[in-house]
$ cat coords.cif   # mmCIF, C-alpha atoms
data_input
#
loop_
_atom_site.group_PDB
_atom_site.id
_atom_site.type_symbol
_atom_site.label_atom_id
_atom_site.label_comp_id
_atom_site.auth_asym_id
_atom_site.auth_seq_id
_atom_site.Cartn_x
_atom_site.Cartn_y
_atom_site.Cartn_z
ATOM 1 C CA MET A 1 1.329 -11.658 12.633
ATOM 2 C CA LEU A 2 0.026 -9.068 10.183
ATOM 3 C CA LEU A 3 0.635 -9.063 6.441
ATOM 4 C CA TRP A 4 1.124 -5.592 4.958
ATOM 5 C CA VAL A 5 1.071 -5.633 1.162
ATOM 6 C CA GLY A 6 2.271 -2.819 -1.053
ATOM 7 C CA LEU A 7 0.794 -2.924 -4.536
ATOM 8 C CA GLY A 8 2.932 -1.952 -7.504
ATOM 9 C CA ASN A 9 4.805 -3.193 -10.556
ATOM 10 C CA PRO A 10 8.299 -4.739 -10.371
ATOM 11 C CA GLU A 11 9.986 -3.150 -13.401
ATOM 12 C CA PRO A 12 12.836 -0.854 -12.287
ATOM 13 C CA GLY A 13 11.625 1.768 -14.777
ATOM 14 C CA MET A 14 8.237 1.826 -13.025
ATOM 15 C CA ALA A 15 9.602 2.482 -9.537
ATOM 16 C CA ARG A 16 8.465 6.142 -9.549
ATOM 17 C CA ASN A 17 5.044 5.473 -11.147
ATOM 18 C CA ARG A 18 1.943 6.686 -9.325
ATOM 19 C CA HIS A 19 0.725 3.075 -9.444
ATOM 20 C CA ASN A 20 3.717 2.096 -7.259
ATOM 21 C CA ILE A 21 2.892 4.268 -4.249
ATOM 22 C CA GLY A 22 2.049 1.061 -2.339
ATOM 23 C CA PHE A 23 5.635 -0.169 -2.799
ATOM 24 C CA MET A 24 6.917 3.259 -1.744
ATOM 25 C CA ALA A 25 4.807 3.195 1.428
ATOM 26 C CA LEU A 26 6.202 -0.180 2.511
ATOM 27 C CA ASP A 27 9.763 0.865 1.700
ATOM 28 C CA VAL A 28 9.511 3.891 4.005
ATOM 29 C CA ILE A 29 7.744 1.955 6.787
ATOM 30 C CA ALA A 30 10.339 -0.841 6.610
ATOM 31 C CA MET A 31 13.216 1.632 6.672
ATOM 32 C CA CYS A 32 11.821 3.713 9.558
ATOM 33 C CA HIS A 33 11.000 0.677 11.703
ATOM 34 C CA GLY A 34 14.218 -1.278 11.100
ATOM 35 C CA PHE A 35 12.790 -4.213 9.155
ATOM 36 C CA SER A 36 15.024 -7.003 7.884
ATOM 37 C CA PRO A 37 16.504 -6.640 4.382
ATOM 38 C CA TRP A 38 14.128 -7.471 1.522
ATOM 39 C CA ARG A 39 14.409 -11.039 0.228
ATOM 40 C CA GLN A 40 12.586 -13.102 -2.379
ATOM 41 C CA ARG A 41 9.679 -15.220 -1.184
ATOM 42 C CA PHE A 42 6.038 -15.866 -2.127
ATOM 43 C CA LYS A 43 6.537 -14.541 -5.691
ATOM 44 C CA GLY A 44 7.540 -11.234 -4.167
ATOM 45 C CA LEU A 45 9.934 -9.422 -1.885
ATOM 46 C CA VAL A 46 9.413 -9.713 1.864
ATOM 47 C CA ALA A 47 10.848 -7.922 4.876
ATOM 48 C CA GLU A 48 10.004 -8.615 8.503
ATOM 49 C CA GLY A 49 9.790 -6.281 11.440
ATOM 50 C CA THR A 50 7.852 -5.150 14.459
ATOM 51 C CA VAL A 51 5.562 -2.123 14.546
ATOM 52 C CA GLY A 52 3.658 -1.162 17.665
ATOM 53 C CA GLY A 53 4.574 -4.495 19.244
ATOM 54 C CA GLN A 54 3.025 -6.411 16.328
ATOM 55 C CA LYS A 55 5.043 -8.700 14.061
ATOM 56 C CA ILE A 56 4.661 -7.476 10.474
ATOM 57 C CA LEU A 57 5.492 -9.268 7.239
ATOM 58 C CA ALA A 58 5.828 -6.631 4.515
ATOM 59 C CA LEU A 59 5.232 -7.984 1.009
ATOM 60 C CA LYS A 60 5.810 -6.387 -2.384
ATOM 61 C CA PRO A 61 4.405 -8.777 -5.032
ATOM 62 C CA MET A 62 6.745 -9.107 -8.021
ATOM 63 C CA THR A 63 3.984 -10.577 -10.198
ATOM 64 C CA TYR A 64 2.854 -7.276 -11.749
ATOM 65 C CA MET A 65 -0.250 -5.536 -10.532
ATOM 66 C CA ASN A 66 -2.798 -7.723 -12.341
ATOM 67 C CA SER A 67 -1.527 -10.874 -10.575
ATOM 68 C CA SER A 68 -0.711 -9.435 -7.132
ATOM 69 C CA GLY A 69 -3.188 -11.792 -5.489
ATOM 70 C CA GLU A 70 -1.017 -14.821 -6.325
ATOM 71 C CA SER A 71 1.779 -13.511 -4.110
ATOM 72 C CA VAL A 72 -0.573 -12.349 -1.344
ATOM 73 C CA GLN A 73 -2.458 -15.655 -1.292
ATOM 74 C CA ALA A 74 0.789 -17.649 -1.087
ATOM 75 C CA ALA A 75 1.990 -15.657 1.945
ATOM 76 C CA ALA A 76 -1.425 -15.686 3.648
ATOM 77 C CA ALA A 77 -1.793 -19.450 3.149
ATOM 78 C CA PHE A 78 1.720 -20.193 4.447
ATOM 79 C CA PHE A 79 1.134 -18.266 7.675
ATOM 80 C CA LYS A 80 -2.572 -19.256 7.884
ATOM 81 C CA LEU A 81 -3.637 -15.600 8.020
ATOM 82 C CA PRO A 82 -7.297 -14.620 7.735
ATOM 83 C CA PRO A 83 -8.198 -11.717 5.416
ATOM 84 C CA GLU A 84 -8.621 -9.432 8.466
ATOM 85 C CA ALA A 85 -4.855 -9.746 9.143
ATOM 86 C CA ILE A 86 -4.001 -8.387 5.674
ATOM 87 C CA THR A 87 -3.646 -4.701 4.769
ATOM 88 C CA ALA A 88 -3.117 -3.550 1.178
ATOM 89 C CA PHE A 89 -1.465 -0.171 0.517
ATOM 90 C CA HIS A 90 -2.518 1.085 -2.917
ATOM 91 C CA ASP A 91 -3.009 4.101 -5.154
ATOM 92 C CA ASP A 92 -6.479 5.634 -5.348
ATOM 93 C CA LEU A 93 -7.622 7.896 -8.183
ATOM 94 C CA ASP A 94 -10.699 9.034 -6.268
ATOM 95 C CA LEU A 95 -8.713 10.697 -3.482
ATOM 96 C CA ALA A 96 -6.902 14.004 -3.881
ATOM 97 C CA PRO A 97 -3.104 13.798 -3.978
ATOM 98 C CA GLY A 98 -1.714 13.348 -0.476
ATOM 99 C CA LYS A 99 -4.994 12.266 1.100
ATOM 100 C CA MET A 100 -5.286 8.865 2.752
ATOM 101 C CA ARG A 101 -8.226 6.768 3.889
ATOM 102 C CA VAL A 102 -8.416 3.337 5.494
ATOM 103 C CA LYS A 103 -11.319 0.958 5.128
ATOM 104 C CA LYS A 104 -12.075 -2.706 5.537
ATOM 105 C CA GLY A 105 -13.571 -4.585 2.619
ATOM 106 C CA GLY A 106 -15.380 -3.114 -0.336
ATOM 107 C CA GLY A 107 -15.056 -3.361 -4.072
ATOM 108 C CA ALA A 108 -11.947 -3.051 -6.200
ATOM 109 C CA ALA A 109 -13.112 0.241 -7.809
ATOM 110 C CA GLY A 110 -11.382 -0.754 -11.046
ATOM 111 C CA HIS A 111 -8.024 -1.393 -9.337
ATOM 112 C CA ASN A 112 -6.520 -4.522 -10.886
ATOM 113 C CA GLY A 113 -4.285 -5.281 -7.898
ATOM 114 C CA LEU A 114 -7.279 -5.316 -5.546
ATOM 115 C CA ARG A 115 -9.308 -7.301 -8.064
ATOM 116 C CA SER A 116 -6.560 -9.947 -8.161
ATOM 117 C CA MET A 117 -6.409 -10.058 -4.348
ATOM 118 C CA ASP A 118 -10.198 -10.448 -4.116
ATOM 119 C CA ARG A 119 -10.096 -13.332 -6.588
ATOM 120 C CA MET A 120 -7.146 -15.165 -5.008
ATOM 121 C CA LEU A 121 -8.165 -14.659 -1.375
ATOM 122 C CA GLY A 122 -11.815 -15.437 -2.082
ATOM 123 C CA SER A 123 -12.662 -12.489 0.127
ATOM 124 C CA GLN A 124 -12.835 -8.702 0.185
ATOM 125 C CA ASP A 125 -12.579 -8.499 3.989
ATOM 126 C CA TYR A 126 -8.983 -7.288 4.150
ATOM 127 C CA TRP A 127 -7.934 -3.747 5.077
ATOM 128 C CA ARG A 128 -7.070 -1.152 2.458
ATOM 129 C CA VAL A 129 -4.919 1.928 2.939
ATOM 130 C CA ARG A 130 -6.069 4.104 0.057
ATOM 131 C CA LEU A 131 -3.375 6.570 -1.010
ATOM 132 C CA GLY A 132 -4.667 9.487 -3.036
ATOM 133 C CA ILE A 133 -2.910 10.251 -6.303
ATOM 134 C CA GLY A 134 -5.691 12.367 -7.838
ATOM 135 C CA HIS A 135 -7.397 11.889 -11.183
ATOM 136 C CA PRO A 136 -6.207 13.147 -14.572
ATOM 137 C CA GLY A 137 -9.704 14.499 -15.277
ATOM 138 C CA ASP A 138 -10.538 12.259 -18.228
ATOM 139 C CA LYS A 139 -11.074 8.491 -17.977
ATOM 140 C CA ASP A 140 -9.234 8.003 -21.279
ATOM 141 C CA ARG A 141 -6.059 9.394 -19.662
ATOM 142 C CA VAL A 142 -6.147 7.178 -16.544
ATOM 143 C CA LEU A 143 -3.805 4.412 -17.776
ATOM 144 C CA GLY A 144 -1.038 6.799 -18.821
ATOM 145 C CA TYR A 145 -1.538 8.786 -15.623
ATOM 146 C CA VAL A 146 -1.205 5.890 -13.153
ATOM 147 C CA LEU A 147 1.719 4.435 -15.108
ATOM 148 C CA GLY A 148 3.376 7.848 -15.253
ATOM 149 C CA ASP A 149 5.975 9.003 -12.767
ATOM 150 C CA PHE A 150 5.251 11.407 -9.956
ATOM 151 C CA GLY A 151 6.365 14.889 -10.976
ATOM 152 C CA LYS A 152 8.389 17.555 -9.166
ATOM 153 C CA ASP A 153 5.128 19.179 -8.043
ATOM 154 C CA ASP A 154 4.206 15.958 -6.229
ATOM 155 C CA ARG A 155 7.442 15.699 -4.256
ATOM 156 C CA ASP A 156 6.457 17.644 -1.125
ATOM 157 C CA TRP A 157 3.099 15.991 -0.493
ATOM 158 C CA LEU A 158 4.388 12.521 -1.434
ATOM 159 C CA ILE A 159 7.334 12.618 0.976
ATOM 160 C CA ALA A 160 5.141 14.097 3.716
ATOM 161 C CA LEU A 161 2.497 11.386 3.236
ATOM 162 C CA LEU A 162 4.972 8.491 3.232
ATOM 163 C CA ASP A 163 6.840 9.831 6.269
ATOM 164 C CA ALA A 164 3.586 10.469 8.156
ATOM 165 C CA MET A 165 2.335 6.932 7.488
ATOM 166 C CA ALA A 166 5.612 5.478 8.743
ATOM 167 C CA GLU A 167 5.454 7.601 11.900
ATOM 168 C CA ALA A 168 1.806 6.704 12.540
ATOM 169 C CA ALA A 169 2.210 3.010 11.584
ATOM 170 C CA PRO A 170 2.093 1.764 15.217
ATOM 171 C CA LEU A 171 -1.517 3.000 15.368
ATOM 172 C CA LEU A 172 -2.388 1.005 12.243
ATOM 173 C CA ALA A 173 -0.625 -2.087 13.592
ATOM 174 C CA THR A 174 -2.589 -1.933 16.848
ATOM 175 C CA ASP A 175 -5.955 -1.529 15.115
ATOM 176 C CA LYS A 176 -6.423 2.140 16.062
ATOM 177 C CA ILE A 177 -7.611 3.032 12.570
ATOM 178 C CA PRO A 178 -9.313 6.400 13.316
ATOM 179 C CA ASP A 179 -6.237 7.520 15.292
ATOM 180 C CA PHE A 180 -3.960 6.428 12.426
ATOM 181 C CA MET A 181 -5.975 8.423 9.882
ATOM 182 C CA SER A 182 -6.113 11.476 12.173
ATOM 183 C CA LYS A 183 -2.388 11.437 12.868
ATOM 184 C CA VAL A 184 -1.492 11.126 9.170
ATOM 185 C CA ALA A 185 -3.900 13.978 8.332
ATOM 186 C CA LEU A 186 -2.386 16.152 11.066
ATOM 187 C CA LEU A 187 1.191 15.427 10.014
ATOM 188 C CA THR A 188 0.473 16.180 6.334
ATOM 189 C CA GLN A 189 -1.807 19.217 6.633
ATOM 190 C CA ASP A 190 0.934 21.716 5.770
ATOM 191 C CA SER A 191 2.136 19.804 2.699
ATOM 192 C CA LEU A 192 -1.102 19.890 0.705
#

$ encode --input "coords.cif" --output "structure tokens"
Amino acid sequence: MLLWVGLGNPEPGMARNRHNIGFMALDVIAMCHGFSPWRQRFKGLVAEGTVGGQKILALKPMTYMNSSGESVQAAAAFFKLPPEAITAFHDDLDLAPGKMRVKKGGGAAGHNGLRSMDRMLGSQDYWRVRLGIGHPGDKDRVLGYVLGDFGKDDRDWLIALLDAMAEAAPLLATDKIPDFMSKVALLTQDSL
């Protein structure tokens, strides 16, 4: 079993925030691959499904971003999953809007959701799907930017990115990371 975690904030008014792109990614993957309905468990919402022949538990922590690790740790401990079986989908200021990168391990780069996961899992050796949202240009504007909603100008690339990730998800599930990144890049090249 693999644990795919979308990072975001649970407030209904925050659903369209840039910081919630991790939730959005899991919603589209779950919908496209026929996952079970979302239900409450592990201080979050979970849905189960199969992608690329792999059983996936999708988790959206409802603890707010700064405490996401509590939900992730509870699910990982229950299923006895090592960090390598966990993938976090999260927003990334350092990537241009619509760009995506995947890496294993590394620092939190100021992301409070990742920082919480690192602390609660006692490890940084989980996978990260970094979803580019761009940078507002000034570090003093970052908080308002990530907690702001995507705009009309973001619609095309955002939908293309989420749909491409859902289509390419079997490659991610079967550990074909370079192929997953290439397919998403190919499917989104006309939207950027």

$ closest_atom_pairs --input "coords.cif" --of "segment 43-76 of chain A" --to "segment 106-111 of chain A" --cutoff "12 Å" --atoms "all atoms listed in the file" --output "JSON lines"
{"residue": "A:Met65", "atom": "CA", "partner": "A:His111", "partner_atom": "CA", "distance": 8.9}
{"residue": "A:Asn66", "atom": "CA", "partner": "A:His111", "partner_atom": "CA", "distance": 8.7}
{"residue": "A:Ser67", "atom": "CA", "partner": "A:His111", "partner_atom": "CA", "distance": 11.6}
{"residue": "A:Ser68", "atom": "CA", "partner": "A:His111", "partner_atom": "CA", "distance": 11.1}

$ write_last_selection --input "coords.cif" --atoms "C-alpha atoms" --output "mmCIF file, in the frame of the given file"
data_model
loop_
_atom_site.group_PDB
_atom_site.id
_atom_site.type_symbol
_atom_site.label_atom_id
_atom_site.label_comp_id
_atom_site.auth_asym_id
_atom_site.auth_seq_id
_atom_site.Cartn_x
_atom_site.Cartn_y
_atom_site.Cartn_z
ATOM 1 C CA MET A 65 -0.250 -5.536 -10.532
ATOM 2 C CA ASN A 66 -2.798 -7.723 -12.341
ATOM 3 C CA SER A 67 -1.527 -10.874 -10.575
ATOM 4 C CA SER A 68 -0.711 -9.435 -7.132
#

$ residues_around --input "coords.cif" --residues "segment 34-42 of chain A" --least-positions-apart "3" --cutoff "10 Å" --atoms "all atoms listed in the file" --output "PyMOL selection string"
chain A and resi 27-31+45-51+56-63+70-76+78

$ closest_residue --input "coords.cif" --among "A:Met181, A:Val129, A:Val146, A:Met1" --to "Gly52 of chain A" --atoms "all atoms listed in the file"
A:Met1

$ resolve_selection --input "coords.cif" --expression "the PyMOL selection byres ((chain A and resi 174) around 12)" --output "ChimeraX atom specification"
/A:1-2,50-56,85,168-173,175-180

$ residues_around --input "coords.cif" --residues "Gly105 of chain A" --least-positions-apart "4" --cutoff "7 Å" --atoms "all atoms listed in the file" --output "mmCIF file with C-alpha atoms, in the frame of the given file"
data_model
loop_
_atom_site.group_PDB
_atom_site.id
_atom_site.type_symbol
_atom_site.label_atom_id
_atom_site.label_comp_id
_atom_site.auth_asym_id
_atom_site.auth_seq_id
_atom_site.Cartn_x
_atom_site.Cartn_y
_atom_site.Cartn_z
ATOM 1 C CA GLN A 124 -12.835 -8.702 0.185
ATOM 2 C CA ASP A 125 -12.579 -8.499 3.989
ATOM 3 C CA TYR A 126 -8.983 -7.288 4.150
ATOM 4 C CA TRP A 127 -7.934 -3.747 5.077
#

$ axis_aligned_box --input "coords.cif" --around "segment 27-44 of chain A" --padding-each-side "6 Å" --output "lines of an AutoDock Vina configuration file"
center_x = 11.3
center_y = -6.0
center_z = 3.0
size_x = 22.5
size_y = 31.8
size_z = 29.4

$ residues_around --input "coords.cif" --residues "segment 157-161 of chain A" --least-positions-apart "5" --cutoff "8 Å" --atoms "all atoms listed in the file" --output "list in words"
Pro97, Gly98, Lys99, Val184, Leu187, Thr188, Ser191 and Leu192 of chain A

$ write_last_selection --input "coords.cif" --atoms "C-alpha atoms" --output "PDB file, in the frame of the given file"
ATOM      1  CA  PRO A  97      -3.104  13.798  -3.978  1.00  0.00           C
ATOM      2  CA  GLY A  98      -1.714  13.348  -0.476  1.00  0.00           C
ATOM      3  CA  LYS A  99      -4.994  12.266   1.100  1.00  0.00           C
ATOM      4  CA  VAL A 184      -1.492  11.126   9.170  1.00  0.00           C
ATOM      5  CA  LEU A 187       1.191  15.427  10.014  1.00  0.00           C
ATOM      6  CA  THR A 188       0.473  16.180   6.334  1.00  0.00           C
ATOM      7  CA  SER A 191       2.136  19.804   2.699  1.00  0.00           C
ATOM      8  CA  LEU A 192      -1.102  19.890   0.705  1.00  0.00           C
TER       9      LEU A 192
END

$ closest_residue --input "coords.cif" --among "A:Arg130, A:Ser123, A:Pro82, A:Val102" --to "Gly6 of chain A" --atoms "all atoms listed in the file"
A:Arg130

$ atom_distance --input "coords.cif" --atom1 "atom CA of Ile21 of chain A" --atom2 "atom CA of Gly113 of chain A"
12.5 Å

$ resolve_selection --input "coords.cif" --expression "the PyMOL selection byres ((chain A and resi 7) around 6)" --output "VMD selection string"
chain A and resid 6 8 22 to 23 90

$ atom_distance --input "coords.cif" --atom1 "atom CA of Arg155 of chain A" --atom2 "atom CA of Gly44 of chain A"
26.9 Å

$ residues_around --input "coords.cif" --residues "Leu131 of chain A" --least-positions-apart "6" --cutoff "6 Å" --atoms "all atoms listed in the file" --output "number ranges by chain"
A: 90-92, 100

$ resolve_selection --input "coords.cif" --expression "the PyMOL selection byres ((chain A and resi 148) around 9)" --output "PyMOL selection string"
chain A and resi 14+16-19+143-147+149-151

$ write_last_selection --input "coords.cif" --atoms "C-alpha atoms" --output "PDB file, in the frame of the given file"
ATOM      1  CA  MET A  14       8.237   1.826 -13.025  1.00  0.00           C
ATOM      2  CA  ARG A  16       8.465   6.142  -9.549  1.00  0.00           C
ATOM      3  CA  ASN A  17       5.044   5.473 -11.147  1.00  0.00           C
ATOM      4  CA  ARG A  18       1.943   6.686  -9.325  1.00  0.00           C
ATOM      5  CA  HIS A  19       0.725   3.075  -9.444  1.00  0.00           C
ATOM      6  CA  LEU A 143      -3.805   4.412 -17.776  1.00  0.00           C
ATOM      7  CA  GLY A 144      -1.038   6.799 -18.821  1.00  0.00           C
ATOM      8  CA  TYR A 145      -1.538   8.786 -15.623  1.00  0.00           C
ATOM      9  CA  VAL A 146      -1.205   5.890 -13.153  1.00  0.00           C
ATOM     10  CA  LEU A 147       1.719   4.435 -15.108  1.00  0.00           C
ATOM     11  CA  ASP A 149       5.975   9.003 -12.767  1.00  0.00           C
ATOM     12  CA  PHE A 150       5.251  11.407  -9.956  1.00  0.00           C
ATOM     13  CA  GLY A 151       6.365  14.889 -10.976  1.00  0.00           C
TER      14      GLY A 151
END

$ closest_residue --input "coords.cif" --among "A:Ala15, A:Leu3, A:Leu186, A:Ala164" --to "Phe79 of chain A" --atoms "all atoms listed in the file"
A:Leu3

$ atom_distance --input "coords.cif" --atom1 "atom CA of Asp118 of chain A" --atom2 "atom CA of Gly69 of chain A"
7.3 Å

$ closest_residue --input "coords.cif" --among "A:Ala166, A:Ile133, A:Leu26, A:Ala185" --to "Thr87 of chain A" --atoms "only C-alpha atoms"
A:Leu26

$ residues_around --input "coords.cif" --residues "Leu93 of chain A" --least-positions-apart "6" --cutoff "8 Å" --atoms "all atoms listed in the file" --output "list of chain:residue names"
A:Gly132, A:Ile133, A:Gly134, A:His135

$ closest_residue --input "coords.cif" --among "A:Met24, A:Asp153, A:Lys103, A:Asp94" --to "Pro136 of chain A" --atoms "only C-alpha atoms"
A:Asp94
